[in-house]
$ cat data.pdb   # PDB, N, CA and C atoms
MODEL        1
ATOM      1  N   MET B  28       0.840  -1.170   0.000
ATOM      2  CA  MET B  28       0.000   0.000   0.000
ATOM      3  C   MET B  28       0.891   1.240   0.000
ATOM      4  N   LYS B  29       0.534   2.211  -0.759
ATOM      5  CA  LYS B  29       1.326   3.438  -0.823
ATOM      6  C   LYS B  29       1.269   4.153   0.526
ATOM      7  N   LEU B  30       2.377   4.760   0.879
ATOM      8  CA  LEU B  30       2.501   5.395   2.181
ATOM      9  C   LEU B  30       1.542   6.565   2.355
ATOM     10  N   HIS B  31       1.341   7.349   1.300
ATOM     11  CA  HIS B  31       0.422   8.486   1.384
ATOM     12  C   HIS B  31      -1.000   8.011   1.668
ATOM     13  N   ARG B  32      -1.400   6.939   1.031
ATOM     14  CA  ARG B  32      -2.743   6.392   1.253
ATOM     15  C   ARG B  32      -2.865   5.866   2.677
ATOM     16  N   GLN B  33      -1.834   5.203   3.162
ATOM     17  CA  GLN B  33      -1.839   4.683   4.531
ATOM     18  C   GLN B  33      -1.963   5.823   5.539
ATOM     19  N   GLU B  34      -1.287   6.917   5.269
ATOM     20  CA  GLU B  34      -1.347   8.098   6.130
ATOM     21  C   GLU B  34      -2.769   8.653   6.194
ATOM     22  N   ARG B  35      -3.433   8.764   5.059
ATOM     23  CA  ARG B  35      -4.810   9.281   5.016
ATOM     24  C   ARG B  35      -5.777   8.335   5.723
ATOM     25  N   LEU B  36      -5.603   7.029   5.529
ATOM     26  CA  LEU B  36      -6.466   6.065   6.213
ATOM     27  C   LEU B  36      -6.284   6.141   7.723
ATOM     28  N   MET B  37      -5.045   6.288   8.168
ATOM     29  CA  MET B  37      -4.756   6.403   9.594
ATOM     30  C   MET B  37      -5.392   7.670  10.175
ATOM     31  N   GLU B  38      -5.306   8.762   9.431
ATOM     32  CA  GLU B  38      -5.887  10.020   9.880
ATOM     33  C   GLU B  38      -7.406   9.912  10.015
ATOM     34  N   ARG B  39      -8.068   9.306   9.046
ATOM     35  CA  ARG B  39      -9.519   9.126   9.112
ATOM     36  C   ARG B  39      -9.919   8.218  10.273
ATOM     37  N   LEU B  40      -9.181   7.146  10.464
ATOM     38  CA  LEU B  40      -9.479   6.217  11.554
ATOM     39  C   LEU B  40      -9.350   6.912  12.908
ATOM     40  N   LEU B  41      -8.277   7.669  13.095
ATOM     41  CA  LEU B  41      -8.076   8.353  14.368
ATOM     42  C   LEU B  41      -9.111   9.445  14.596
ATOM     43  N   LYS B  42      -9.472  10.181  13.566
ATOM     44  CA  LYS B  42     -10.499  11.214  13.718
ATOM     45  C   LYS B  42     -11.834  10.584  14.123
ATOM     46  N   PHE B  43     -12.139   9.421  13.572
ATOM     47  CA  PHE B  43     -13.378   8.744  13.930
ATOM     48  C   PHE B  43     -13.334   8.227  15.365
ATOM     49  N   ARG B  44     -12.238   7.570  15.720
ATOM     50  CA  ARG B  44     -12.143   6.953  17.042
ATOM     51  C   ARG B  44     -11.969   7.968  18.167
ATOM     52  N   LEU B  45     -11.451   9.147  17.845
ATOM     53  CA  LEU B  45     -11.185  10.151  18.884
ATOM     54  C   LEU B  45     -12.160  11.317  18.843
ATOM     55  N   LYS B  46     -13.284  11.166  18.155
ATOM     56  CA  LYS B  46     -14.203  12.296  18.005
ATOM     57  C   LYS B  46     -14.796  12.742  19.335
ATOM     58  N   ASP B  47     -14.873  11.879  20.342
ATOM     59  CA  ASP B  47     -15.419  12.255  21.644
ATOM     60  C   ASP B  47     -14.516  13.225  22.407
ATOM     61  N   TYR B  48     -13.240  13.287  22.038
ATOM     62  CA  TYR B  48     -12.300  14.190  22.707
ATOM     63  C   TYR B  48     -12.400  15.630  22.193
ATOM     64  N   ASN B  49     -13.047  15.838  21.058
ATOM     65  CA  ASN B  49     -13.213  17.171  20.456
ATOM     66  C   ASN B  49     -11.886  17.885  20.214
ATOM     67  N   PHE B  50     -10.932  17.193  19.635
ATOM     68  CA  PHE B  50      -9.654  17.813  19.294
ATOM     69  C   PHE B  50      -9.847  18.774  18.125
ATOM     70  N   SER B  51      -9.094  19.866  18.128
ATOM     71  CA  SER B  51      -9.189  20.823  17.031
ATOM     72  C   SER B  51      -8.392  20.355  15.817
ATOM     73  N   LEU B  52      -7.352  19.539  16.042
ATOM     74  CA  LEU B  52      -6.535  19.046  14.925
ATOM     75  C   LEU B  52      -5.887  17.732  15.319
ATOM     76  N   ILE B  53      -5.914  16.774  14.408
ATOM     77  CA  ILE B  53      -5.161  15.529  14.545
ATOM     78  C   ILE B  53      -4.258  15.453  13.332
ATOM     79  N   LYS B  54      -2.968  15.541  13.561
ATOM     80  CA  LYS B  54      -1.994  15.567  12.470
ATOM     81  C   LYS B  54      -1.269  14.214  12.421
ATOM     82  N   VAL B  55      -1.277  13.589  11.247
ATOM     83  CA  VAL B  55      -0.664  12.273  11.064
ATOM     84  C   VAL B  55       0.397  12.370   9.979
ATOM     85  N   GLU B  56       1.556  11.795  10.261
ATOM     86  CA  GLU B  56       2.633  11.746   9.266
ATOM     87  C   GLU B  56       3.272  10.362   9.311
ATOM     88  N   CYS B  57       3.296   9.687   8.176
ATOM     89  CA  CYS B  57       3.929   8.375   8.061
ATOM     90  C   CYS B  57       5.126   8.500   7.133
ATOM     91  N   TYR B  58       6.185   7.775   7.457
ATOM     92  CA  TYR B  58       7.394   7.876   6.636
ATOM     93  C   TYR B  58       8.168   6.563   6.669
ATOM     94  N   ASP B  59       9.003   6.394   5.698
ATOM     95  CA  ASP B  59       9.833   5.206   5.534
ATOM     96  C   ASP B  59      11.173   5.443   6.219
ATOM     97  N   ARG B  60      11.601   4.500   7.052
ATOM     98  CA  ARG B  60      12.903   4.623   7.728
ATOM     99  C   ARG B  60      14.048   4.159   6.847
ATOM    100  N   PHE B  61      13.737   3.539   5.745
ATOM    101  CA  PHE B  61      14.738   2.990   4.828
ATOM    102  C   PHE B  61      15.635   1.965   5.512
ATOM    103  N   GLU B  62      15.077   1.245   6.474
ATOM    104  CA  GLU B  62      15.764   0.146   7.145
ATOM    105  C   GLU B  62      14.879  -1.087   7.017
ATOM    106  N   GLY B  63      14.944  -1.738   5.904
ATOM    107  CA  GLY B  63      14.083  -2.889   5.672
ATOM    108  C   GLY B  63      12.685  -2.456   5.270
ATOM    109  N   ASP B  64      11.701  -3.149   5.779
ATOM    110  CA  ASP B  64      10.308  -2.856   5.435
ATOM    111  C   ASP B  64       9.579  -2.096   6.541
ATOM    112  N   ASN B  65      10.304  -1.421   7.403
ATOM    113  CA  ASN B  65       9.681  -0.725   8.520
ATOM    114  C   ASN B  65       9.243   0.680   8.140
ATOM    115  N   TYR B  66       8.033   1.021   8.559
ATOM    116  CA  TYR B  66       7.504   2.371   8.392
ATOM    117  C   TYR B  66       7.232   2.945   9.773
ATOM    118  N   MET B  67       7.371   4.229   9.887
ATOM    119  CA  MET B  67       7.110   4.921  11.140
ATOM    120  C   MET B  67       5.901   5.825  10.949
ATOM    121  N   CYS B  68       5.228   6.128  12.050
ATOM    122  CA  CYS B  68       4.090   7.023  12.005
ATOM    123  C   CYS B  68       4.156   7.956  13.212
ATOM    124  N   ARG B  69       3.861   9.212  12.971
ATOM    125  CA  ARG B  69       3.862  10.236  14.016
ATOM    126  C   ARG B  69       2.480  10.869  14.056
ATOM    127  N   VAL B  70       1.919  10.982  15.275
ATOM    128  CA  VAL B  70       0.607  11.582  15.456
ATOM    129  C   VAL B  70       0.726  12.692  16.490
ATOM    130  N   GLU B  71       0.152  13.848  16.173
ATOM    131  CA  GLU B  71       0.089  14.959  17.100
ATOM    132  C   GLU B  71      -1.375  15.353  17.234
ATOM    133  N   VAL B  72      -1.812  15.603  18.472
ATOM    134  CA  VAL B  72      -3.186  16.026  18.706
ATOM    135  C   VAL B  72      -3.183  17.393  19.386
ATOM    136  N   PHE B  73      -4.079  18.251  18.916
ATOM    137  CA  PHE B  73      -4.175  19.625  19.394
ATOM    138  C   PHE B  73      -5.590  19.893  19.881
ATOM    139  N   LYS B  74      -5.695  20.690  20.931
ATOM    140  CA  LYS B  74      -7.006  21.075  21.448
ATOM    141  C   LYS B  74      -7.003  22.562  21.734
ATOM    142  N   GLY B  75      -7.955  23.277  21.148
ATOM    143  CA  GLY B  75      -8.066  24.704  21.383
ATOM    144  C   GLY B  75      -7.278  25.559  20.417
ATOM    145  N   GLY B  76      -6.710  24.984  19.410
ATOM    146  CA  GLY B  76      -5.945  25.724  18.415
ATOM    147  C   GLY B  76      -4.983  24.815  17.695
ATOM    148  N   ASN B  77      -4.246  25.385  16.752
ATOM    149  CA  ASN B  77      -3.329  24.588  15.934
ATOM    150  C   ASN B  77      -1.867  24.890  16.214
ATOM    151  N   SER B  78      -1.582  25.714  17.204
ATOM    152  CA  SER B  78      -0.192  26.066  17.486
ATOM    153  C   SER B  78       0.439  25.051  18.434
ATOM    154  N   ILE B  79       1.737  25.126  18.567
ATOM    155  CA  ILE B  79       2.490  24.176  19.381
ATOM    156  C   ILE B  79       2.093  24.260  20.854
ATOM    157  N   LYS B  80       1.668  25.425  21.322
ATOM    158  CA  LYS B  80       1.276  25.553  22.730
ATOM    159  C   LYS B  80      -0.043  24.845  23.026
ATOM    160  N   ASN B  81      -0.816  24.526  21.985
ATOM    161  CA  ASN B  81      -2.085  23.817  22.150
ATOM    162  C   ASN B  81      -1.954  22.320  21.911
ATOM    163  N   ARG B  82      -0.734  21.849  21.698
ATOM    164  CA  ARG B  82      -0.542  20.420  21.452
ATOM    165  C   ARG B  82      -0.704  19.651  22.756
ATOM    166  N   ILE B  83      -1.563  18.667  22.730
ATOM    167  CA  ILE B  83      -1.818  17.824  23.898
ATOM    168  C   ILE B  83      -0.771  16.718  23.990
ATOM    169  N   MET B  84      -0.476  16.108  22.844
ATOM    170  CA  MET B  84       0.404  14.946  22.848
ATOM    171  C   MET B  84       1.013  14.716  21.478
ATOM    172  N   LYS B  85       2.206  14.144  21.489
ATOM    173  CA  LYS B  85       2.876  13.713  20.262
ATOM    174  C   LYS B  85       3.304  12.268  20.484
ATOM    175  N   TYR B  86       2.986  11.411  19.532
ATOM    176  CA  TYR B  86       3.301   9.991  19.644
ATOM    177  C   TYR B  86       3.943   9.525  18.345
ATOM    178  N   GLU B  87       5.033   8.792  18.459
ATOM    179  CA  GLU B  87       5.744   8.287  17.288
ATOM    180  C   GLU B  87       6.163   6.853  17.553
ATOM    181  N   SER B  88       5.844   5.981  16.605
ATOM    182  CA  SER B  88       6.156   4.569  16.767
ATOM    183  C   SER B  88       6.162   3.890  15.406
ATOM    184  N   GLU B  89       6.600   2.644  15.410
ATOM    185  CA  GLU B  89       6.575   1.848  14.186
ATOM    186  C   GLU B  89       5.124   1.588  13.796
ATOM    187  N   LEU B  90       4.838   1.708  12.527
ATOM    188  CA  LEU B  90       3.485   1.496  12.012
ATOM    189  C   LEU B  90       3.257   0.001  11.867
ATOM    190  N   ASN B  91       2.409  -0.532  12.748
ATOM    191  CA  ASN B  91       2.073  -1.952  12.702
ATOM    192  C   ASN B  91       0.608  -2.115  13.092
ATOM    193  N   GLY B  92       0.173  -3.326  13.284
ATOM    194  CA  GLY B  92      -1.233  -3.592  13.566
ATOM    195  C   GLY B  92      -1.729  -3.084  14.898
ATOM    196  N   THR B  93      -0.841  -2.777  15.831
ATOM    197  CA  THR B  93      -1.258  -2.320  17.155
ATOM    198  C   THR B  93      -1.008  -0.825  17.366
ATOM    199  N   PHE B  94      -0.659  -0.116  16.323
ATOM    200  CA  PHE B  94      -0.309   1.304  16.469
ATOM    201  C   PHE B  94      -1.449   2.123  17.071
ATOM    202  N   VAL B  95      -2.655   1.961  16.542
ATOM    203  CA  VAL B  95      -3.788   2.774  16.993
ATOM    204  C   VAL B  95      -4.133   2.456  18.444
ATOM    205  N   VAL B  96      -4.133   1.194  18.816
ATOM    206  CA  VAL B  96      -4.454   0.803  20.189
ATOM    207  C   VAL B  96      -3.406   1.343  21.157
ATOM    208  N   GLU B  97      -2.138   1.244  20.795
ATOM    209  CA  GLU B  97      -1.069   1.787  21.644
ATOM    210  C   GLU B  97      -1.207   3.295  21.790
ATOM    211  N   PHE B  98      -1.546   3.980  20.700
ATOM    212  CA  PHE B  98      -1.737   5.420  20.758
ATOM    213  C   PHE B  98      -2.896   5.786  21.676
ATOM    214  N   GLU B  99      -4.012   5.086  21.552
ATOM    215  CA  GLU B  99      -5.172   5.361  22.400
ATOM    216  C   GLU B  99      -4.848   5.113  23.873
ATOM    217  N   ASN B 100      -4.116   4.064  24.166
ATOM    218  CA  ASN B 100      -3.719   3.784  25.549
ATOM    219  C   ASN B 100      -2.840   4.895  26.096
ATOM    220  N   ARG B 101      -1.903   5.358  25.298
ATOM    221  CA  ARG B 101      -1.022   6.447  25.721
ATOM    222  C   ARG B 101      -1.809   7.739  25.925
ATOM    223  N   LEU B 102      -2.788   7.975  25.066
ATOM    224  CA  LEU B 102      -3.628   9.171  25.189
ATOM    225  C   LEU B 102      -4.470   9.127  26.458
ATOM    226  N   GLU B 103      -5.057   7.981  26.763
ATOM    227  CA  GLU B 103      -5.832   7.834  27.986
ATOM    228  C   GLU B 103      -4.946   8.023  29.215
ATOM    229  N   LEU B 104      -3.743   7.511  29.174
ATOM    230  CA  LEU B 104      -2.796   7.706  30.273
ATOM    231  C   LEU B 104      -2.469   9.182  30.437
ATOM    232  N   GLN B 105      -2.274   9.883  29.330
ATOM    233  CA  GLN B 105      -1.986  11.313  29.365
ATOM    234  C   GLN B 105      -3.124  12.092  30.017
ATOM    235  N   PHE B 106      -4.369  11.753  29.668
ATOM    236  CA  PHE B 106      -5.517  12.452  30.246
ATOM    237  C   PHE B 106      -5.742  12.081  31.700
ATOM    238  N   SER B 107      -5.391  10.866  32.106
ATOM    239  CA  SER B 107      -5.564  10.482  33.506
ATOM    240  C   SER B 107      -4.544  11.162  34.406
ATOM    241  N   MET B 108      -3.403  11.570  33.842
ATOM    242  CA  MET B 108      -2.371  12.239  34.628
ATOM    243  C   MET B 108      -2.727  13.701  34.860
ATOM    244  N   ASN B 109      -3.551  14.298  33.988
ATOM    245  CA  ASN B 109      -3.906  15.729  34.112
ATOM    246  C   ASN B 109      -5.101  15.937  34.986
TER     247      ASN B 109
ENDMDL
END
$ encode --input "data.pdb" --output "structure tokens"
Amino acid sequence: MKLHRQERLMERLLKFRLKDYNFSLIKVECYDRFEGDNYMCRVEVFKGGNSIKNRIMKYESELNGTFVVEFENRLELQFSMN
């Protein structure tokens, strides 16, 4: 699957699954590490604006089948700490 398409699918999935949080922006970026067949994905979530001071969380990990679940767990942990 092309990386750009994977990035758009990931963005749509996260926007759907996180709609209850009312984030103002969910930014997704996927890229190739050029080390074998591994791809990385970076997600940033913003609330109350699009600037860096409004960023709630940034998460970066290898793009695999558990990426979304790991991200959601990390996000819930972040909100439980605040």
$ resolve_selection --input "data.pdb" --expression "the PyMOL selection byres ((chain B and resi 83) around 8)" --output "PyMOL selection string"
chain B and resi 71-74+78-82+84-86+105
$ closest_residue --input "data.pdb" --among "B:Leu30, B:Gly75, B:Tyr66, B:Ser107" --to "Phe50 of chain B" --atoms "only C-alpha atoms"
B:Gly75
$ atom_distance --input "data.pdb" --atom1 "atom CA of Glu87 of chain B" --atom2 "atom CA of Val70 of chain B"
6.4 Å
$ atom_distance --input "data.pdb" --atom1 "atom N of Asn49 of chain B" --atom2 "atom N of Asn77 of chain B"
13.7 Å
$ select_by_dssp --input "data.pdb" --residues "chain B" --states "alpha helix (DSSP H)" --output "ChimeraX atom specification"
/B:30-44,94-108
$ select_by_dssp --input "data.pdb" --residues "chain B" --states "strand (DSSP E)" --output "ChimeraX atom specification"
/B:52-59,66-73,82-89
$ residues_around --input "data.pdb" --residues "segment 33-36 of chain B" --least-positions-apart "4" --cutoff "8 Å" --atoms "only N, CA and C atoms" --output "list in words"
Met28, Lys29, Leu40, Leu41, Lys42, Val55, Glu56, Cys57 and Tyr58 of chain B
$ write_last_selection --input "data.pdb" --atoms "N, CA and C atoms" --output "mmCIF file, in the frame of the given file"
data_model
loop_
_atom_site.group_PDB
_atom_site.id
_atom_site.type_symbol
_atom_site.label_atom_id
_atom_site.label_comp_id
_atom_site.auth_asym_id
_atom_site.auth_seq_id
_atom_site.Cartn_x
_atom_site.Cartn_y
_atom_site.Cartn_z
ATOM 1 N N MET B 28 0.840 -1.170 0.000
ATOM 2 C CA MET B 28 0.000 0.000 0.000
ATOM 3 C C MET B 28 0.891 1.240 0.000
ATOM 4 N N LYS B 29 0.534 2.211 -0.759
ATOM 5 C CA LYS B 29 1.326 3.438 -0.823
ATOM 6 C C LYS B 29 1.269 4.153 0.526
ATOM 7 N N LEU B 40 -9.181 7.146 10.464
ATOM 8 C CA LEU B 40 -9.479 6.217 11.554
ATOM 9 C C LEU B 40 -9.350 6.912 12.908
ATOM 10 N N LEU B 41 -8.277 7.669 13.095
ATOM 11 C CA LEU B 41 -8.076 8.353 14.368
ATOM 12 C C LEU B 41 -9.111 9.445 14.596
ATOM 13 N N LYS B 42 -9.472 10.181 13.566
ATOM 14 C CA LYS B 42 -10.499 11.214 13.718
ATOM 15 C C LYS B 42 -11.834 10.584 14.123
ATOM 16 N N VAL B 55 -1.277 13.589 11.247
ATOM 17 C CA VAL B 55 -0.664 12.273 11.064
ATOM 18 C C VAL B 55 0.397 12.370 9.979
ATOM 19 N N GLU B 56 1.556 11.795 10.261
ATOM 20 C CA GLU B 56 2.633 11.746 9.266
ATOM 21 C C GLU B 56 3.272 10.362 9.311
ATOM 22 N N CYS B 57 3.296 9.687 8.176
ATOM 23 C CA CYS B 57 3.929 8.375 8.061
ATOM 24 C C CYS B 57 5.126 8.500 7.133
ATOM 25 N N TYR B 58 6.185 7.775 7.457
ATOM 26 C CA TYR B 58 7.394 7.876 6.636
ATOM 27 C C TYR B 58 8.168 6.563 6.669
#
$ axis_aligned_box --input "data.pdb" --around "segment 40-43 of chain B" --padding-each-side "6 Å" --output "lines of an AutoDock Vina configuration file"
center_x = -10.7
center_y = 8.7
center_z = 12.9
size_x = 17.3
size_y = 17.0
size_z = 16.9
$ residues_around --input "data.pdb" --residues "Gly92 of chain B" --least-positions-apart "6" --cutoff "12 Å" --atoms "only C-alpha atoms" --output "ChimeraX atom specification"
/B:37,66,68,98
$ atom_distance --input "data.pdb" --atom1 "atom N of Leu90 of chain B" --atom2 "atom CA of Gly76 of chain B"
27.0 Å
